[in-house]
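Participant: Below is one structure. I have some questions about it.
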Amino acid sequence: MSTQKSINQNATRLGVCPHCQTTIASVDILIEYETGDGQPKVWTECPCCHEVVHPE
Ligand SMILES: [Zn+2]
């Protein structure tokens with residue numbers, strides 16, 4: 001079993017906060033997980049409103 005994971009030091013833009021439309025980047029990730037269909041998902045903390053959100 002080997003898991004390939006690329007470690008990206010750069011801040012990748014993930015989307016925007018659904019509350020305030022602030023751009024959310026990979027540096028704001030709190031938790032990463034995978035769903036059953038293999039789509040990686042992340043919970044992030046918005047740097048503006050400090051809500052824990054899924055970037056859209
Ligand atoms: Zn926000």
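Labels used: A, B, ... for chains in the order of the structure tokens, numbers from 1 for residues in each chain, and numbers from 1 for ligands as shown.
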Show me, as a list in words, the residues that have an atom within 10 Å of Ala11 (chain A) when counting only C-alpha atoms, minus same-chain residues fewer than 5 positions from it.

Facilitator: Ile24, Ala25, Ser26, Val27 and Asp28 of chain A

Participant: Once you count only C-alpha atoms and all ligand atoms, which residues end up within 10 Å of ligand 1, and could you hand them over as a list in words?

Facilitator: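 Every residue with an atom at most 10 Å from ligand 1 is listed here: Val16, Cys17, Pro18, His19, Cys20, Gln21, Thr22, Thr23, Ile24, Thr44, Glu45, Cys46, Pro47, Cys48, Cys49, His50, Glu51, Val52, Val53 and Pro55 of chain A.
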
Participant: Could you work out how far CA of His54 (chain A) lies from CA of Val42 (chain A), giving the answer in Å with one decimal?

Facilitator: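 Separating CA of Val42 (chain A) from CA of His54 (chain A) is a distance of 6.4 Å.
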
Participant: Can you pull out every residue from chain A that DSSP, working from the backbone, puts in strand (DSSP E or B), and format the result as JSON, numbers by chain?

Facilitator: {"A": [13, 14, 15, 16, 23, 24, 25, 29, 30, 31, 32, 33, 34, 40, 41, 42, 43, 44, 45, 52, 53]}
